[in-house]
file work.txt (compact mmCIF, C-alpha atoms)
# COMPACT_ATOMS: atom_id res chain seq x y z
CA MET Q 5 -17.04 -73.25 7.76
CA ALA Q 6 -16.04 -70.23 5.68
CA GLU Q 7 -17.56 -66.93 6.67
CA LEU Q 8 -19.16 -64.40 4.38
CA ILE Q 9 -17.20 -61.17 4.23
CA ILE Q 10 -18.20 -58.06 2.30
CA TYR Q 11 -16.14 -54.95 1.66
CA THR Q 12 -17.89 -51.84 0.34
CA ASP Q 13 -17.10 -48.29 -0.72
CA GLY Q 14 -18.81 -45.36 -2.37
CA ALA Q 15 -17.45 -42.38 -4.26
CA ALA Q 16 -18.70 -39.12 -5.68
CA ARG Q 17 -16.97 -36.70 -8.03
CA GLY Q 18 -18.29 -33.59 -6.40
CA ASN Q 19 -20.84 -34.04 -3.68
CA PRO Q 20 -23.32 -34.08 -5.33
CA GLY Q 21 -21.88 -35.20 -8.63
CA ARG Q 22 -21.15 -38.34 -10.61
CA GLY Q 23 -20.93 -41.24 -8.23
CA GLY Q 24 -20.17 -44.92 -7.99
CA TYR Q 25 -20.11 -47.83 -5.62
CA GLY Q 26 -17.92 -50.90 -5.32
CA ALA Q 27 -18.28 -54.09 -3.33
CA ILE Q 28 -16.36 -57.32 -2.92
CA LEU Q 29 -18.14 -60.42 -1.62
CA MET Q 30 -15.89 -63.18 -0.29
CA PHE Q 31 -16.82 -66.67 0.83
CA GLY Q 32 -13.82 -68.92 1.27
CA GLU Q 33 -11.93 -68.87 -2.03
CA LYS Q 34 -14.89 -67.43 -3.95
CA ARG Q 35 -14.93 -63.73 -4.77
CA MET Q 36 -17.38 -61.50 -6.59
CA GLU Q 37 -16.91 -57.83 -7.42
CA LEU Q 38 -19.85 -55.48 -7.98
CA SER Q 39 -19.92 -51.87 -9.10
CA GLY Q 40 -22.16 -49.27 -10.71
CA GLY Q 41 -22.10 -45.59 -11.55
CA PHE Q 42 -24.65 -42.77 -11.43
CA ARG Q 43 -24.77 -39.40 -13.18
CA MET Q 44 -25.84 -37.36 -10.12
CA THR Q 45 -25.75 -38.55 -6.52
CA THR Q 46 -23.86 -38.19 -3.23
CA ASN Q 47 -21.05 -40.07 -1.54
CA ASN Q 48 -23.29 -41.23 1.32
CA ARG Q 49 -25.87 -42.61 -1.12
CA MET Q 50 -23.15 -44.57 -2.89
CA GLU Q 51 -21.78 -45.91 0.40
CA LEU Q 52 -25.28 -47.16 1.26
CA LEU Q 53 -25.97 -48.50 -2.20
CA ALA Q 54 -22.76 -50.55 -2.09
CA VAL Q 55 -24.01 -52.32 1.05
CA ILE Q 56 -27.53 -52.80 -0.33
CA THR Q 57 -26.30 -54.15 -3.67
CA ALA Q 58 -23.96 -56.59 -1.94
CA LEU Q 59 -26.73 -57.90 0.32
CA LYS Q 60 -29.12 -58.25 -2.62
CA ALA Q 61 -26.53 -60.40 -4.39
CA LEU Q 62 -26.58 -63.02 -1.62
CA LYS Q 63 -28.42 -66.20 -2.48
CA LYS Q 64 -29.13 -67.40 1.07
CA ASN Q 65 -30.81 -65.58 3.94
CA HIS Q 66 -30.01 -65.69 7.66
CA LEU Q 67 -26.28 -65.95 7.10
CA PRO Q 68 -23.83 -64.23 9.41
CA VAL Q 69 -22.25 -61.43 7.36
CA LYS Q 70 -19.27 -59.25 8.21
CA ILE Q 71 -19.34 -55.95 6.34
CA TYR Q 72 -16.22 -53.80 6.23
CA THR Q 73 -16.67 -50.16 5.25
CA ASP Q 74 -14.82 -46.88 5.64
CA SER Q 75 -18.14 -45.07 6.11
CA LYS Q 76 -18.63 -43.83 9.68
CA TYR Q 77 -22.04 -42.65 8.43
CA ILE Q 78 -23.14 -46.27 7.93
CA VAL Q 79 -21.37 -47.85 10.89
CA ASP Q 80 -22.56 -45.24 13.39
CA SER Q 81 -26.11 -45.13 12.00
CA VAL Q 82 -26.49 -48.86 12.53
CA GLN Q 83 -24.37 -49.54 15.61
CA LYS Q 84 -25.49 -46.49 17.58
CA GLY Q 85 -29.16 -47.22 16.88
CA TRP Q 86 -29.83 -44.07 14.88
CA LEU Q 87 -31.41 -46.05 12.05
CA ASN Q 88 -33.91 -47.69 14.41
CA THR Q 89 -34.93 -44.25 15.67
CA TRP Q 90 -35.25 -42.90 12.12
CA MET Q 91 -37.46 -45.83 11.17
CA LYS Q 92 -39.69 -45.34 14.23
CA THR Q 93 -40.08 -41.60 13.53
CA ASP Q 94 -40.38 -41.96 9.73
CA PHE Q 95 -37.17 -39.97 9.34
CA LYS Q 96 -38.63 -36.95 11.14
CA GLY Q 97 -36.49 -33.85 10.95
CA GLY Q 98 -35.51 -34.35 7.33
CA LYS Q 99 -32.98 -37.15 7.72
CA LYS Q 100 -31.52 -37.87 4.31
CA ASN Q 101 -31.53 -41.02 2.21
CA LYS Q 102 -34.79 -42.40 3.57
CA ASP Q 103 -35.27 -44.59 0.48
CA LEU Q 104 -31.92 -46.32 0.83
CA TRP Q 105 -32.00 -46.59 4.62
CA THR Q 106 -35.46 -48.15 4.41
CA ALA Q 107 -34.24 -50.64 1.80
CA TYR Q 108 -31.21 -51.50 3.95
CA TYR Q 109 -33.34 -51.84 7.09
CA HIS Q 110 -35.64 -54.42 5.50
CA LEU Q 111 -32.76 -56.32 3.86
CA SER Q 112 -30.84 -56.37 7.15
CA LYS Q 113 -33.62 -58.41 8.77
CA GLN Q 114 -32.69 -61.31 6.47
CA PHE Q 115 -29.11 -61.58 7.75
CA LYS Q 116 -26.98 -61.44 10.88
CA ILE Q 117 -24.91 -58.38 9.98
CA HIS Q 118 -21.94 -57.06 11.88
CA PHE Q 119 -20.24 -53.90 10.62
CA HIS Q 120 -16.54 -53.19 10.94
CA TRP Q 121 -15.10 -49.77 10.24
CA VAL Q 122 -11.81 -49.62 8.33
CA LYS Q 123 -9.71 -46.55 7.63
CA GLY Q 124 -10.22 -45.46 4.03
CA HIS Q 125 -7.34 -44.99 1.60
CA ALA Q 126 -5.00 -46.82 3.95
CA ASP Q 127 -3.34 -50.22 3.79
CA ASN Q 128 -6.38 -52.47 3.44
CA PRO Q 129 -6.19 -54.01 -0.05
CA PHE Q 130 -9.90 -54.94 -0.16
CA ASN Q 131 -11.05 -51.46 0.85
CA ASN Q 132 -8.64 -50.00 -1.69
CA ARG Q 133 -10.03 -52.29 -4.40
CA CYS Q 134 -13.59 -51.21 -3.55
CA ASP Q 135 -12.46 -47.60 -3.88
CA GLU Q 136 -11.00 -48.42 -7.33
CA LEU Q 137 -14.28 -50.05 -8.36
CA ALA Q 138 -16.35 -47.11 -7.08
CA THR Q 139 -14.24 -44.40 -8.69
CA ALA Q 140 -13.97 -46.28 -11.99
CA ALA Q 141 -17.76 -46.64 -12.03
CA ALA Q 142 -18.20 -42.92 -11.30
CA ASP Q 143 -15.76 -42.02 -14.07
CA GLY Q 144 -17.09 -44.58 -16.55
CA GLY Q 145 -20.26 -44.99 -18.42
CA PRO Q 146 -22.97 -45.40 -19.17
CA LEU Q 147 -24.08 -43.85 -15.91
CA MET Q 148 -27.41 -44.80 -14.35
CA ILE Q 149 -29.92 -42.34 -12.91
CA ASP Q 150 -30.31 -42.15 -9.14
CA GLU Q 151 -34.00 -41.44 -9.61
CA GLU Q 152 -34.88 -40.77 -5.98
CA TYR Q 153 -31.97 -38.37 -5.52
CA GLU Q 154 -32.72 -36.47 -8.73
CA ARG Q 155 -36.42 -36.33 -7.83
CA ILE Q 156 -35.78 -34.58 -4.51
CA MET Q 157 -32.87 -32.33 -5.44
call {"tool": "encode", "arguments": {"input": "work.txt", "output": "structure tokens"}}
result
Amino acid sequence: MAELIIYTDGAARGNPGRGGYGAILMFGEKRMELSGGFRMTTNNRMELLAVITALKALKKNHLPVKIYTDSKYIVDSVQKGWLNTWMKTDFKGGKKNKDLWTAYYHLSKQFKIHFHWVKGHADNPFNNRCDELATAAADGGPLMIDEEYERIM
């Protein structure tokens, strides 16, 4: 049986600044690319939004999913249990991106997710393609509004 593999990346032109995300979903020979751009956001928000958008695109729940990202922020937050602590303490201490982490947390319960960290801007063609998608979205238009980010900034 083919496995579901997702590659993700986020980008920001300035941090904060224009931003974008890119994702590639692969199941056997099938591939889908996703991307979107925002007028004002951060790199970490785009990294998270890439993962969330990819998971929302899945049609079936409870699938094993391998997610490859160059974001230590995401990998460490999940694998080291930081996210679970943030959820239990309602993000006490001003942890950032509560809206996106909460969305990811609830989505993650629908799948069997395993994260893999990959070195960014290296020799991984799928990570490089996600970077192209993210930067093109950040540089393109029309750009969406990251309403939660703009509300709190």
call {"tool": "residues_around", "arguments": {"input": "work.txt", "residues": "Asp103 (chain Q)", "least_positions_apart": "2", "cutoff": "12 Å", "atoms": "only C-alpha atoms", "output": "list in words"}}
result
Arg49, Leu52, Leu53, Ile56, Trp90, Met91, Asp94, Phe95, Lys99, Lys100, Asn101, Trp105, Thr106, Ala107, Tyr108, Tyr109, His110, Asp150, Glu151, Glu152, Tyr153, Arg155 and Ile156 of chain Q
call {"tool": "atom_distance", "arguments": {"input": "work.txt", "atom1": "CA of Gly41 (chain Q)", "atom2": "CA of Tyr25 (chain Q)"}}
result
6.6 Å
call {"tool": "atom_distance", "arguments": {"input": "work.txt", "atom1": "CA of Asp143 (chain Q)", "atom2": "CA of Gly124 (chain Q)"}}
result
19.2 Å
call {"tool": "closest_residue", "arguments": {"input": "work.txt", "among": "Q:Arg35, Q:Lys64, Q:Lys102, Q:Lys76", "to": "Trp121 (chain Q)", "atoms": "all atoms listed in the file"}}
result
Q:Lys76
call {"tool": "closest_residue", "arguments": {"input": "work.txt", "among": "Q:Ser75, Q:Ser39, Q:Gln83, Q:Thr12", "to": "Ala140 (chain Q)", "atoms": "all atoms listed in the file"}}
result
Q:Ser39
call {"tool": "atom_distance", "arguments": {"input": "work.txt", "atom1": "CA of Gly23 (chain Q)", "atom2": "CA of Trp86 (chain Q)"}}
result
24.9 Å
